[in-house]
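**Student:** My structure is stored as run_38.cif, with mmCIF, C-alpha atoms and all ligand atoms.
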```
data_model
loop_
_atom_site.label_atom_id
_atom_site.label_comp_id
_atom_site.auth_asym_id
_atom_site.auth_seq_id
_atom_site.Cartn_x
_atom_site.Cartn_y
_atom_site.Cartn_z
CA MET A 1 125.75 171.43 25.33
CA CYS A 2 127.00 173.02 28.50
CA ASP A 3 130.59 174.00 28.05
CA THR A 4 131.37 174.67 31.66
CA CYS A 5 131.09 171.16 32.98
CA GLY A 6 130.35 169.20 29.83
CA CYS A 7 127.14 167.91 31.42
CA GLY A 8 125.35 167.92 28.10
CA GLN A 9 127.92 165.76 26.37
CA GLU A 10 126.24 162.62 25.09
CA GLY A 11 127.32 159.53 27.00
CA ASN A 12 129.64 161.63 29.13
CA PRO A 13 127.60 163.04 31.95
CA VAL A 14 129.32 164.48 34.99
CA ARG A 15 127.93 162.58 37.94
CA ILE A 16 127.94 163.63 41.52
CA SER A 17 127.14 160.98 44.11
CA ARG A 18 127.54 159.95 47.72
CA PRO A 19 128.97 156.55 48.61
CA GLY A 20 126.19 153.94 48.55
CA GLU A 21 124.02 155.90 46.17
CA THR A 22 122.63 154.09 43.14
CA ASP A 23 120.59 156.63 41.21
CA LEU A 24 123.38 158.66 39.77
CA HIS A 25 121.24 161.18 37.96
CA GLN A 26 118.94 162.37 40.73
CA ASP A 27 120.66 165.67 41.35
CA HIS A 28 121.07 166.65 37.74
CA SER A 29 118.62 169.46 37.93
CA HIS A 30 120.28 171.67 35.35
CA ASN A 31 118.04 173.14 32.79
CA HIS A 32 120.06 175.45 30.69
CA ASP A 33 119.14 175.69 27.08
CA HIS A 34 121.31 173.14 25.42
CA ASP A 35 119.86 173.95 22.04
CA GLN A 36 120.46 170.44 20.74
CA ASN A 37 118.48 170.36 17.54
CA ASN A 38 119.12 173.76 16.09
CA SER A 39 117.73 173.16 12.65
CA HIS A 40 120.64 174.67 10.80
CA THR A 41 119.39 174.33 7.29
CA HIS A 42 121.89 176.69 5.72
CA ASP A 43 119.42 177.82 3.12
CA SER A 44 120.99 181.22 2.71
CA VAL A 45 121.56 180.53 -0.96
CA HIS A 46 124.73 182.57 -1.18
CA SER A 47 124.43 183.62 -4.79
CA HIS A 48 128.11 184.16 -5.29
CA ASP A 49 127.82 187.06 -7.61
CA HIS A 50 128.43 189.91 -5.22
CA SER A 51 131.55 191.86 -5.83
CA HIS A 52 134.27 190.65 -3.51
CA ASP A 53 134.92 193.85 -1.61
CA HIS A 54 132.79 192.95 1.43
CA PRO A 55 131.27 196.36 2.13
CA HIS A 56 129.77 195.50 5.52
CA GLN A 57 132.73 193.76 7.03
CA LYS A 58 133.37 194.89 10.57
CA MET A 59 135.97 194.30 13.24
CA ILE A 60 134.73 193.88 16.82
CA ARG A 61 137.12 194.22 19.76
CA ILE A 62 136.30 191.72 22.46
CA GLU A 63 139.23 191.23 24.83
CA GLU A 64 137.29 188.74 26.88
CA ASP A 65 138.87 186.11 29.10
CA ILE A 66 138.17 182.67 27.64
CA LEU A 67 137.80 181.25 31.13
CA GLY A 68 135.62 184.15 32.27
CA LYS A 69 132.55 182.03 32.88
CA ASN A 70 134.45 179.54 35.02
CA ASN A 71 136.17 182.33 36.92
CA LEU A 72 132.84 183.96 37.65
CA LEU A 73 131.40 180.71 39.00
CA ALA A 74 134.60 180.22 41.00
CA SER A 75 134.22 183.58 42.67
CA ARG A 76 130.64 182.69 43.53
CA ASN A 77 131.89 179.49 45.16
CA SER A 78 134.52 181.41 47.02
CA GLY A 79 131.89 183.88 48.25
CA PHE A 80 129.82 180.98 49.54
CA PHE A 81 132.85 179.52 51.33
CA GLU A 82 133.67 182.87 52.90
CA ALA A 83 130.13 183.33 54.13
CA LYS A 84 130.27 179.94 55.86
CA ASP A 85 133.86 180.30 57.10
CA ILE A 86 134.87 177.27 55.06
CA VAL A 87 138.49 176.80 54.01
CA ALA A 88 138.54 175.07 50.63
CA LEU A 89 141.79 173.40 49.55
CA ASN A 90 142.36 172.11 46.02
CA LEU A 91 144.71 169.11 45.87
CA MET A 92 146.29 168.36 42.51
CA SER A 93 148.87 165.86 41.26
CA SER A 94 149.68 163.28 38.60
CA PRO A 95 147.68 160.06 38.92
CA GLY A 96 148.87 158.04 41.89
CA SER A 97 151.09 160.59 43.66
CA GLY A 98 149.21 159.93 46.86
CA LYS A 99 146.40 162.49 47.14
CA THR A 100 143.86 160.12 48.66
CA THR A 101 146.39 158.48 50.99
CA LEU A 102 147.50 161.90 52.20
CA LEU A 103 143.86 162.87 52.77
CA GLU A 104 143.19 159.69 54.76
CA ARG A 105 146.18 160.34 57.01
CA THR A 106 145.40 164.03 57.36
CA ILE A 107 141.79 163.32 58.27
CA GLU A 108 142.88 160.84 60.97
CA ALA A 109 145.18 163.48 62.43
CA VAL A 110 142.82 166.46 62.46
CA LYS A 111 139.26 165.18 62.61
CA GLU A 112 139.05 165.56 66.40
CA SER A 113 139.96 169.23 66.23
CA ARG A 114 138.40 170.46 62.97
CA LYS A 115 135.20 169.88 61.05
CA LEU A 116 136.00 168.34 57.68
CA ALA A 117 134.39 167.54 54.34
CA VAL A 118 135.76 166.10 51.10
CA ILE A 119 134.96 166.36 47.39
CA GLU A 120 136.59 163.61 45.32
CA GLY A 121 137.19 164.02 41.59
CA ASP A 122 137.93 161.14 39.23
CA GLN A 123 136.94 160.27 35.70
CA GLN A 124 135.41 156.97 36.82
CA THR A 125 134.69 154.96 39.99
CA MET A 126 133.64 155.75 43.54
CA ASN A 127 136.83 154.19 44.95
CA ASP A 128 138.34 157.31 46.45
CA ALA A 129 135.03 158.45 47.93
CA GLU A 130 134.61 155.00 49.50
CA ARG A 131 138.06 155.31 51.06
CA ILE A 132 137.22 158.72 52.55
CA HIS A 133 133.76 157.48 53.63
CA ARG A 134 135.49 154.90 55.83
CA THR A 135 137.12 157.69 57.82
CA GLY A 136 133.66 158.94 58.77
CA VAL A 137 134.03 162.30 57.05
CA PRO A 138 131.23 163.47 54.71
CA VAL A 139 132.22 163.05 51.07
CA VAL A 140 130.80 163.30 47.56
CA GLN A 141 132.34 161.92 44.41
CA ILE A 142 132.41 163.81 41.14
CA ASN A 143 132.87 161.55 38.13
CA THR A 144 133.88 163.65 35.17
CA GLY A 145 133.57 160.91 32.53
CA ASN A 146 136.15 161.93 29.96
CA GLY A 147 136.79 165.26 31.63
CA CYS A 148 140.39 165.71 32.75
CA HIS A 149 139.78 168.33 35.45
CA LEU A 150 137.22 169.67 37.91
CA ASP A 151 135.66 173.04 37.20
CA ALA A 152 133.76 175.62 39.21
CA GLU A 153 130.32 174.44 38.14
CA MET A 154 131.03 170.88 39.26
CA ILE A 155 132.17 172.20 42.62
CA HIS A 156 129.06 174.34 42.88
CA ARG A 157 126.88 171.27 42.33
CA ALA A 158 128.96 169.05 44.60
CA VAL A 159 128.88 171.59 47.41
CA LYS A 160 125.08 171.80 47.18
CA LYS A 161 124.90 168.07 47.64
CA LEU A 162 127.61 167.80 50.28
CA ASP A 163 126.50 170.79 52.34
CA PRO A 164 129.82 171.16 54.18
CA PRO A 165 129.41 172.42 57.74
CA GLN A 166 130.14 175.96 58.89
CA GLU A 167 133.84 176.54 59.72
CA SER A 168 134.96 173.31 58.12
CA ILE A 169 137.99 172.52 56.02
CA LEU A 170 136.84 171.31 52.61
CA PHE A 171 139.38 169.16 50.80
CA ILE A 172 138.91 168.90 47.05
CA GLU A 173 140.85 166.09 45.38
CA ASN A 174 141.16 167.02 41.72
CA VAL A 175 141.41 164.58 38.82
CA GLY A 176 144.94 163.12 38.61
CA ASN A 177 146.61 165.35 35.99
CA LEU A 178 149.30 168.02 36.23
CA VAL A 179 148.12 170.16 33.32
CA CYS A 180 144.41 170.82 32.98
CA PRO A 181 143.37 171.35 36.61
CA SER A 182 145.76 174.29 36.83
CA LEU A 183 143.60 176.30 34.42
CA PHE A 184 140.33 175.98 36.26
CA GLU A 185 139.79 177.97 39.42
CA LEU A 186 137.29 176.36 41.75
CA GLY A 187 136.87 179.10 44.34
CA GLU A 188 139.43 177.50 46.64
CA LYS A 189 141.49 179.32 49.26
CA SER A 190 144.72 177.50 48.41
CA ARG A 191 146.06 175.18 45.77
CA ILE A 192 148.26 172.30 46.78
CA VAL A 193 150.32 170.39 44.26
CA ILE A 194 151.68 166.98 45.21
CA ILE A 195 154.56 165.18 43.55
CA SER A 196 156.10 161.93 44.67
CA VAL A 197 159.75 160.93 44.61
CA THR A 198 159.04 158.22 42.04
CA GLU A 199 158.22 160.92 39.47
CA GLY A 200 161.52 162.68 38.90
CA ASP A 201 162.81 165.95 40.32
CA ASP A 202 162.20 167.96 37.13
CA LYS A 203 158.37 167.87 37.38
CA PRO A 204 158.14 171.59 38.25
CA LEU A 205 160.08 172.54 35.11
CA LYS A 206 157.98 170.29 32.92
CA TYR A 207 154.65 171.52 34.31
CA PRO A 208 155.42 175.10 35.32
CA THR A 209 151.84 176.36 35.08
CA MET A 210 150.68 174.00 37.81
CA PHE A 211 153.51 174.97 40.15
CA GLN A 212 153.06 178.67 39.48
CA GLN A 213 149.39 178.60 40.43
CA ALA A 214 149.96 176.67 43.65
CA GLN A 215 150.75 178.04 47.09
CA VAL A 216 151.90 174.72 48.54
CA CYS A 217 153.95 171.86 47.13
CA ILE A 218 154.12 168.52 48.88
CA ILE A 219 156.85 166.05 47.99
CA ASN A 220 155.39 162.68 48.96
CA LYS A 221 156.68 159.11 49.35
CA ILE A 222 160.00 160.13 50.91
CA ASP A 223 160.13 156.61 52.40
CA LEU A 224 161.09 155.49 48.88
CA LEU A 225 164.06 157.88 48.57
CA PRO A 226 166.66 155.12 49.10
CA TYR A 227 165.29 153.20 46.11
CA VAL A 228 164.91 155.92 43.50
CA ASP A 229 167.05 158.46 41.68
CA PHE A 230 165.42 161.53 43.11
CA ASN A 231 167.50 164.53 44.07
CA MET A 232 165.55 166.34 46.79
CA GLU A 233 167.76 169.44 46.67
CA LYS A 234 167.23 169.67 42.92
CA ALA A 235 163.48 169.17 43.25
CA ARG A 236 163.19 171.97 45.80
CA GLU A 237 165.35 174.21 43.65
CA ASN A 238 163.23 173.55 40.56
CA ALA A 239 159.98 174.14 42.43
CA LEU A 240 161.22 177.43 43.85
CA ALA A 241 162.67 178.53 40.51
CA VAL A 242 159.23 178.27 38.96
CA ASN A 243 157.46 179.78 41.95
CA PRO A 244 159.62 181.40 44.65
CA LYS A 245 156.60 181.79 46.96
CA LEU A 246 155.83 178.05 47.15
CA GLU A 247 155.65 176.56 50.62
CA LEU A 248 157.29 173.11 50.53
CA PHE A 249 156.65 170.00 52.59
CA GLU A 250 158.52 166.70 52.35
CA LEU A 251 156.66 163.76 53.79
CA SER A 252 155.56 160.17 53.55
CA ALA A 253 151.82 159.66 53.74
CA LYS A 254 152.58 155.99 54.23
CA THR A 255 154.97 156.05 57.20
CA GLY A 256 153.87 159.41 58.59
CA GLU A 257 157.38 160.86 58.41
CA GLY A 258 157.26 164.64 57.97
CA MET A 259 153.47 164.71 58.40
CA ASP A 260 153.65 166.88 61.54
CA HIS A 261 154.63 170.06 59.68
CA TRP A 262 151.86 169.56 57.18
CA ILE A 263 149.30 168.88 59.92
CA GLN A 264 150.46 172.03 61.66
CA TRP A 265 149.86 173.95 58.43
CA ILE A 266 146.36 172.49 58.12
CA LEU A 267 145.46 173.27 61.71
CA THR A 268 146.48 176.89 61.33
CA ARG A 269 144.26 177.48 58.26
CA GLU A 270 141.74 180.21 58.84
CA PRO A 271 138.97 181.26 56.46
CA MET B 272 142.03 167.31 26.78
CA HIS B 273 140.98 170.51 28.52
CA GLU B 274 141.56 172.19 25.15
CA LEU B 275 138.08 171.00 24.20
CA SER B 276 136.47 172.90 27.06
CA ILE B 277 138.60 175.90 26.14
CA ALA B 278 137.55 175.63 22.49
CA MET B 279 133.89 175.35 23.46
CA SER B 280 134.19 178.48 25.59
CA ILE B 281 135.77 180.32 22.67
CA VAL B 282 132.96 179.28 20.34
CA ASP B 283 130.40 180.19 22.99
CA ILE B 284 131.76 183.69 23.59
CA ALA B 285 132.45 184.43 19.93
CA SER B 286 129.00 183.22 18.82
CA ARG B 287 127.33 185.39 21.45
CA LYS B 288 129.32 188.47 20.38
CA ALA B 289 128.64 187.75 16.72
CA ASP B 290 124.96 187.47 17.47
CA GLU B 291 124.91 190.74 19.40
CA ALA B 292 126.52 192.44 16.40
CA SER B 293 124.00 190.90 13.97
CA ALA B 294 126.72 189.03 12.17
CA GLU B 295 125.82 187.00 9.14
CA LYS B 296 129.17 185.37 9.05
CA VAL B 297 132.36 185.41 11.11
CA THR B 298 135.45 185.60 8.94
CA LEU B 299 138.13 185.69 11.57
CA VAL B 300 138.55 185.14 15.31
CA GLU B 301 141.73 186.48 16.84
CA LEU B 302 143.03 184.88 20.03
CA ASP B 303 145.88 185.67 22.41
CA ILE B 304 147.17 182.45 23.95
CA GLY B 305 150.20 182.53 26.23
CA ILE B 306 152.91 179.92 25.87
CA MET B 307 152.67 179.49 29.66
CA SER B 308 148.89 179.22 29.81
CA GLY B 309 148.87 175.44 29.89
CA ILE B 310 147.41 175.13 26.40
CA GLU B 311 148.75 172.73 23.80
CA PHE B 312 148.46 174.66 20.53
CA ILE B 313 147.97 171.65 18.27
CA SER B 314 145.29 170.26 20.56
CA LEU B 315 143.56 173.63 20.62
CA GLU B 316 143.48 173.84 16.85
CA PHE B 317 142.01 170.38 16.64
CA ALA B 318 139.51 171.09 19.42
CA LEU B 319 138.39 174.26 17.64
CA SER B 320 137.73 172.36 14.44
CA VAL B 321 135.43 170.08 16.44
CA ALA B 322 133.80 172.77 18.56
CA VAL B 323 132.70 174.98 15.64
CA LYS B 324 130.42 172.29 14.17
CA ASP B 325 126.88 173.62 13.70
CA SER B 326 127.77 177.05 15.02
CA ILE B 327 128.12 180.37 13.21
CA LEU B 328 131.87 179.81 13.40
CA GLU B 329 131.86 176.88 11.03
CA GLY B 330 134.39 177.82 8.34
CA THR B 331 135.82 180.71 10.37
CA ARG B 332 139.58 181.25 10.37
CA PHE B 333 141.28 181.37 13.77
CA LYS B 334 144.30 183.58 14.16
CA ILE B 335 146.15 182.41 17.25
CA ASN B 336 148.77 184.81 18.58
CA ARG B 337 151.27 182.88 20.66
CA ILE B 338 152.36 185.17 23.46
CA GLU B 339 155.95 184.59 24.53
CA PRO B 340 156.63 184.60 28.25
CA LEU B 341 158.11 187.66 29.87
CA CYS B 342 158.91 187.97 33.53
CA GLU B 343 159.94 190.64 35.92
CA CYS B 344 162.38 190.22 38.77
CA SER B 345 160.52 191.37 41.89
CA SER B 346 163.84 192.28 43.41
CA CYS B 347 165.38 194.62 40.80
CA ASN B 348 162.47 195.00 38.33
CA HIS B 349 164.58 193.72 35.44
CA LEU B 350 162.47 192.36 32.56
CA TYR B 351 163.64 189.14 30.93
CA THR B 352 162.55 186.07 29.01
CA PRO B 353 162.73 183.05 31.26
CA GLY B 354 164.78 180.06 30.08
CA GLN B 355 163.77 176.40 30.25
CA ASP B 356 165.13 176.16 33.78
CA PHE B 357 163.41 179.33 35.01
CA GLY B 358 166.83 180.39 36.23
CA ALA B 359 167.70 183.36 38.39
CA CYS B 360 167.51 186.99 37.27
CA PRO B 361 170.39 187.66 34.86
CA GLU B 362 170.72 191.16 36.31
CA CYS B 363 170.84 190.64 40.09
CA GLY B 364 170.98 186.85 40.43
CA LYS B 365 167.89 186.66 42.69
CA GLN B 366 165.26 184.00 42.18
CA GLU B 367 162.16 186.19 42.31
CA ILE B 368 160.36 185.55 39.09
CA GLU B 369 156.99 187.15 38.40
CA PHE B 370 155.22 186.49 35.11
CA ILE B 371 153.83 189.56 33.43
CA ARG B 372 153.17 187.96 30.04
CA GLY B 373 152.71 184.48 28.67
CA LYS B 374 149.60 183.27 30.48
CA GLU B 375 147.02 184.97 28.25
CA LEU B 376 143.80 183.18 27.38
CA GLN B 377 141.85 185.86 25.59
CA ILE B 378 139.55 186.43 22.65
CA LYS B 379 140.88 189.63 21.11
CA SER B 380 138.56 190.40 18.24
CA LEU B 381 136.19 189.16 15.57
CA LEU B 382 135.95 190.09 11.94
CA ILE B 383 132.35 189.75 10.84
CA ASP B 384 130.10 190.30 7.86
CA GLN B 385 127.07 192.21 9.04
CA LYS B 386 123.55 191.55 7.88
CA GLU B 387 122.21 194.16 5.52
N1 LIG C 1 155.64 154.09 49.51
C1 LIG C 1 154.65 154.98 49.53
N2 LIG C 1 153.53 154.76 48.85
C2 LIG C 1 152.54 155.68 48.90
C3 LIG C 1 152.65 156.87 49.65
N3 LIG C 1 151.53 157.59 49.49
C4 LIG C 1 150.74 156.88 48.65
N4 LIG C 1 151.34 155.73 48.31
C5 LIG C 1 150.83 154.65 47.43
O1 LIG C 1 150.70 155.19 46.11
C6 LIG C 1 149.56 154.59 45.47
C7 LIG C 1 148.62 155.68 44.97
O2 LIG C 1 148.12 156.39 46.09
P1 LIG C 1 146.75 157.21 46.08
O3 LIG C 1 146.63 157.87 47.41
O4 LIG C 1 145.65 156.35 45.64
O5 LIG C 1 147.10 158.26 44.95
P2 LIG C 1 146.14 159.37 44.27
O6 LIG C 1 146.98 160.53 43.96
O7 LIG C 1 144.95 159.59 45.11
O8 LIG C 1 145.74 158.61 42.93
P3 LIG C 1 144.58 159.01 41.87
O9 LIG C 1 143.39 159.45 42.65
O10 LIG C 1 144.37 157.74 41.13
O11 LIG C 1 145.17 160.08 41.02
C8 LIG C 1 148.92 153.68 46.49
O12 LIG C 1 149.38 152.38 46.27
C9 LIG C 1 149.45 154.21 47.81
O13 LIG C 1 149.50 153.23 48.82
C10 LIG C 1 153.86 157.08 50.38
O14 LIG C 1 154.09 158.09 51.05
N5 LIG C 1 154.82 156.12 50.27
MG MG C 2 142.91 159.52 44.60
ZN ZN C 3 127.44 171.97 32.73
ZN ZN C 4 125.01 172.06 33.51
ZN ZN C 5 143.14 168.53 29.64
ZN ZN C 6 166.82 190.97 39.45
#
```
Could you rewrite the structure in this file as structure tokens?
**Tutor:**
Amino acid sequence: MCDTCGCGQEGNPVRISRPGETDLHQDHSHNHDHDQNNSHTHDSVHSHDHSHDHPHQKMIRIEEDILGKNNLLASRNSGFFEAKDIVALNLMSSPGSGKTTLLERTIEAVKESRKLAVIEGDQQTMNDAERIHRTGVPVVQINTGNGCHLDAEMIHRAVKKLDPPQESILFIENVGNLVCPSLFELGEKSRIVIISVTEGDDKPLKYPTMFQQAQVCIINKIDLLPYVDFNMEKARENALAVNPKLELFELSAKTGEGMDHWIQWILTREP
Amino acid sequence: MHELSIAMSIVDIASRKADEASAEKVTLVELDIGIMSGIEFISLEFALSVAVKDSILEGTRFKINRIEPLCECSSCNHLYTPGQDFGACPECGKQEIEFIRGKELQIKSLLIDQKE
């Protein structure tokens, strides 16, 4: 099976579709050798009478990056984005921190001044893609099945289908998860991690890898601050302890409070 | 469970290298995995036991070196092991952490039996 996107996994195909589409398999044009029925008959009748000094044992140095294949595909994606002056942004968070809501609000605010496109990633359902579709911005949905993250091959396939316009901002909403997505480069320009005030101010310390790989951290749902035990000072401190270069935004995607700084950041993105 | 995709990549790379070296059998695969790489070690071990099925790595022993984190203060270049709170540099008190070790995700080496 294909280990980059898991597309060969039985009963767990990665699907990429536009809202309203029914045939979910039409773009699955992959034909790598999945070598399903390798007739491993193990007939090397290991007559166990050789002296146990293993004369032809050999040590091979490899020193190869386990994620090398993904990283290579990611740099291809990033080359494609550069050639088309596309700014790709990878949005990551726990489930329900407000990625899609933030995207909806951001799209409303910038769609008159910038060309936009969206890739949605979820294990199941087209819900988030439907929500983005209503804003009028082109979108494709990646359904990863059991997969807990997007990877560079999925993005490569999704981009082919989406065909984002020249000079656009491409938002990629990753699968809701603070661990796995941090390992898989997609070819994006920047990584944005979102936490919400209902999650606790120690998130950066608990998931340091995610916060170290990101350039931007958004603290969302600040409208709920009066109702929860969330220490904003502490949260900022923790985020910056893990990654001193993080750019922080505090906002409410619901009420719009604090959105102006974020919108400013978006509007000043250049490929 | 991204450890499964990681395990499948490991099996993929190691099988290819073993093949290139005309291996009959792979006795040992040595990995460097950083504590800060985002990998759960127990999950990885389990994922490997699943991923090796029907590959040349079935029955192979995996030696996983856990690489402890080490960071450098970008301000005074002091090297130190970060604590749970990723606190400031113990030398100069600045908060300018830069990881130089602990994020490894590497296949180091294979020990193989070559075909005669
Ligand atoms: N009070 C409040 N609720 C919010 C805010 N932003 C999002 N929500 C709510 O949080 C819930 C989850 O929001 P989504 O935007 O769907 O979150 P998500 O991160 O896209 O979720 P997944 O895609 O499932 O991981 C919804 O009920 C939103 O209305 C906010 O700023 N304040
Ligand atoms: Mg969503
Ligand atoms: Zn694949
Ligand atoms: Zn494939
Ligand atoms: Zn995972
Ligand atoms: Zn220092």
**Student:** Interatomic distance between atom CA of A:Gly187 and atom CA of A:Ser75?
**Tutor:**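 Between atom CA of A:Gly187 and atom CA of A:Ser75 the gap works out to 5.5 Å.
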**Student:** Contacts from chain B to chain A, 7 Å maximum, all atoms listed in the file: show me the residue list as a PyMOL selection string.
**Tutor:** chain B and resi 272-273+276-277+279-281+307-309+325+356-358+366-368+376-385
**Student:** Quick one: residues within 7 Å of stretch 345-347 of chain B, only C-alpha atoms counted, chain neighbours fewer than 2 positions away excluded, as a compact mmCIF listing (two decimals) with C-alpha atoms, in the coordinates of the input?
**Tutor:**
```txt
# COMPACT_ATOMS: atom_id res chain seq x y z
CA GLU B 343 159.94 190.64 35.92
CA HIS B 349 164.58 193.72 35.44
CA CYS B 363 170.84 190.64 40.09
CA LYS B 365 167.89 186.66 42.69
CA GLU B 367 162.16 186.19 42.31
CA ILE B 368 160.36 185.55 39.09
CA GLU B 369 156.99 187.15 38.40
```
**Student:** If you measure from atom CA of A:Glu185 to atom C9 of ligand LIG 1 (chain C), what distance in Å do you get, rounded to one decimal?
**Tutor:**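 These atoms are spaced 27.0 Å apart.
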**Student:** Quick one, how far is atom CA of A:Ile142 from atom C6 of ligand LIG 1 (chain C)?
**Tutor:**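 One can read the atom CA of A:Ile142 to atom C6 of ligand LIG 1 (chain C) distance as 19.9 Å.
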**Student:** For B:Glu295, find every residue with an atom within 9 Å (counting only C-alpha atoms), except residues of its own chain fewer than 2 positions away, and show them as a list of chain:residue names.
**Tutor:**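 What passes the distance filter is B:Ala289, B:Asp290, B:Ser293, B:Val297, B:Ile327, B:Ile383, B:Asp384, B:Gln385, B:Lys386, B:Glu387.
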**Student:** Would you kindly identify which residues have an atom no farther than 8 Å from (131.2, 177.7, 16.4), using all atoms listed in the file and the file's own coordinates, and write them out as a list of chain:residue names?
**Tutor:**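 Residues found, by chain and rising number: B:Met279, B:Val282, B:Asp283, B:Ala285, B:Ser286, B:Ala322, B:Val323, B:Lys324, B:Asp325, B:Ser326, B:Ile327, B:Leu328, B:Glu329.
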**Student:** For stretch 304-312 of chain B, what centre and edge lengths in Å (one decimal) does the axis-aligned box get once 6 Å is added on each side of all its listed atoms, as AutoDock Vina command-line options?
**Tutor:**
```
--center_x 150.0 --center_y 177.6 --center_z 25.2 --size_x 17.7 --size_y 21.8 --size_z 21.4
```
**Student:** Got a sec to check which residues lie within 7 Å of ligand MG 2 (chain C), using only C-alpha atoms and all ligand atoms, and send them as a PyMOL selection string?
**Tutor:** chain A and resi 96+98-100+128+173
**Student:** Using only C-alpha atoms and all ligand atoms, find the one residue out of B:Gln355, B:Cys344, B:Lys374, B:Leu350 that sits nearest to ligand ZN 6 (chain C).
**Tutor:**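 Comparing B:Gln355, B:Cys344, B:Lys374, B:Leu350 against ligand ZN 6 (chain C), the winner is B:Cys344.
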**Student:** Contacts of stretch 267-269 of chain A at 10 Å or less, counting all atoms listed in the file, minus same-chain residues fewer than 5 places along, as a PDB file with C-alpha atoms, in the frame of the given file?
**Tutor:**
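Printed below is part_19.pdb as written:
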```
ATOM      1  CA  ILE A  86     134.870 177.270  55.060  1.00  0.00           C
ATOM      2  CA  VAL A  87     138.490 176.800  54.010  1.00  0.00           C
ATOM      3  CA  ALA A  88     138.540 175.070  50.630  1.00  0.00           C
ATOM      4  CA  LEU A  89     141.790 173.400  49.550  1.00  0.00           C
ATOM      5  CA  ALA A 109     145.180 163.480  62.430  1.00  0.00           C
ATOM      6  CA  VAL A 110     142.820 166.460  62.460  1.00  0.00           C
ATOM      7  CA  SER A 113     139.960 169.230  66.230  1.00  0.00           C
ATOM      8  CA  ARG A 114     138.400 170.460  62.970  1.00  0.00           C
ATOM      9  CA  ILE A 169     137.990 172.520  56.020  1.00  0.00           C
ATOM     10  CA  LYS A 189     141.490 179.320  49.260  1.00  0.00           C
ATOM     11  CA  SER A 190     144.720 177.500  48.410  1.00  0.00           C
ATOM     12  CA  HIS A 261     154.630 170.060  59.680  1.00  0.00           C
ATOM     13  CA  TRP A 262     151.860 169.560  57.180  1.00  0.00           C
TER      14      TRP A 262
END
```
**Student:** Measuring between all atoms listed in the file, which one of B:Ala292, B:Leu341, B:Cys360, B:Ala318 shows the shortest distance to ligand ZN 6 (chain C)?
**Tutor:**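 Answer, going by the shortest atom-to-atom distance: B:Cys360.
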**Student:** Let me make sure I understand: among A:Gln213, A:Asn127, A:Gln264, A:Ser97, which one has the smallest atom-to-atom distance to A:Leu246 if we use all atoms listed in the file?
**Tutor:**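 Checking each candidate against A:Leu246, we get A:Gln213 as the closest.
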**Student:** I need the residue nearest A:Gly200 from this list: A:Ser94, A:Leu150, A:Ile132, A:Asn174. Use only C-alpha atoms for the distance.
**Tutor:**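 Result for the nearest residue to A:Gly200: A:Ser94.
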**Student:** Mind checking which residues fall within 6 Å of A:Ala214, counting all atoms listed in the file, ignoring those fewer than 2 positions away in the same chain, and posting them as a list in words?
**Tutor:**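 What passes the distance filter is Arg191, Ile192, Phe211, Gln212 and Val216 of chain A.
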**Student:** Could I get stretch 104-114 of chain A rebuilt with N, CA and C atoms, written as a PDB file, in the coordinates of the input?
**Tutor:**
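Writing done, so here's rebuild-v3.pdb:
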```pdb
ATOM      1  N   GLU A 104     143.558 160.640  53.701  1.00  0.00           N
ATOM      2  CA  GLU A 104     143.190 159.690  54.760  1.00  0.00           C
ATOM      3  C   GLU A 104     143.988 159.950  56.022  1.00  0.00           C
ATOM      4  N   ARG A 105     145.306 160.122  55.842  1.00  0.00           N
ATOM      5  CA  ARG A 105     146.180 160.340  57.010  1.00  0.00           C
ATOM      6  C   ARG A 105     145.906 161.687  57.654  1.00  0.00           C
ATOM      7  N   THR A 106     145.648 162.687  56.832  1.00  0.00           N
ATOM      8  CA  THR A 106     145.400 164.030  57.360  1.00  0.00           C
ATOM      9  C   THR A 106     144.089 164.050  58.145  1.00  0.00           C
ATOM     10  N   ILE A 107     143.091 163.376  57.595  1.00  0.00           N
ATOM     11  CA  ILE A 107     141.790 163.320  58.270  1.00  0.00           C
ATOM     12  C   ILE A 107     141.929 162.665  59.647  1.00  0.00           C
ATOM     13  N   GLU A 108     142.635 161.524  59.687  1.00  0.00           N
ATOM     14  CA  GLU A 108     142.880 160.840  60.970  1.00  0.00           C
ATOM     15  C   GLU A 108     143.469 161.809  61.988  1.00  0.00           C
ATOM     16  N   ALA A 109     144.427 162.611  61.517  1.00  0.00           N
ATOM     17  CA  ALA A 109     145.180 163.480  62.430  1.00  0.00           C
ATOM     18  C   ALA A 109     144.389 164.702  62.903  1.00  0.00           C
ATOM     19  N   VAL A 110     143.465 165.196  62.071  1.00  0.00           N
ATOM     20  CA  VAL A 110     142.820 166.460  62.460  1.00  0.00           C
ATOM     21  C   VAL A 110     141.317 166.373  62.726  1.00  0.00           C
ATOM     22  N   LYS A 111     140.729 165.200  62.545  1.00  0.00           N
ATOM     23  CA  LYS A 111     139.260 165.180  62.610  1.00  0.00           C
ATOM     24  C   LYS A 111     138.696 165.432  64.007  1.00  0.00           C
ATOM     25  N   GLU A 112     139.529 165.257  65.046  1.00  0.00           N
ATOM     26  CA  GLU A 112     139.050 165.560  66.400  1.00  0.00           C
ATOM     27  C   GLU A 112     139.006 167.067  66.630  1.00  0.00           C
ATOM     28  N   SER A 113     139.890 167.793  65.938  1.00  0.00           N
ATOM     29  CA  SER A 113     139.960 169.230  66.230  1.00  0.00           C
ATOM     30  C   SER A 113     139.296 170.126  65.189  1.00  0.00           C
ATOM     31  N   ARG A 114     139.036 169.617  63.986  1.00  0.00           N
ATOM     32  CA  ARG A 114     138.400 170.460  62.970  1.00  0.00           C
ATOM     33  C   ARG A 114     137.266 169.719  62.286  1.00  0.00           C
TER      34      ARG A 114
END
```
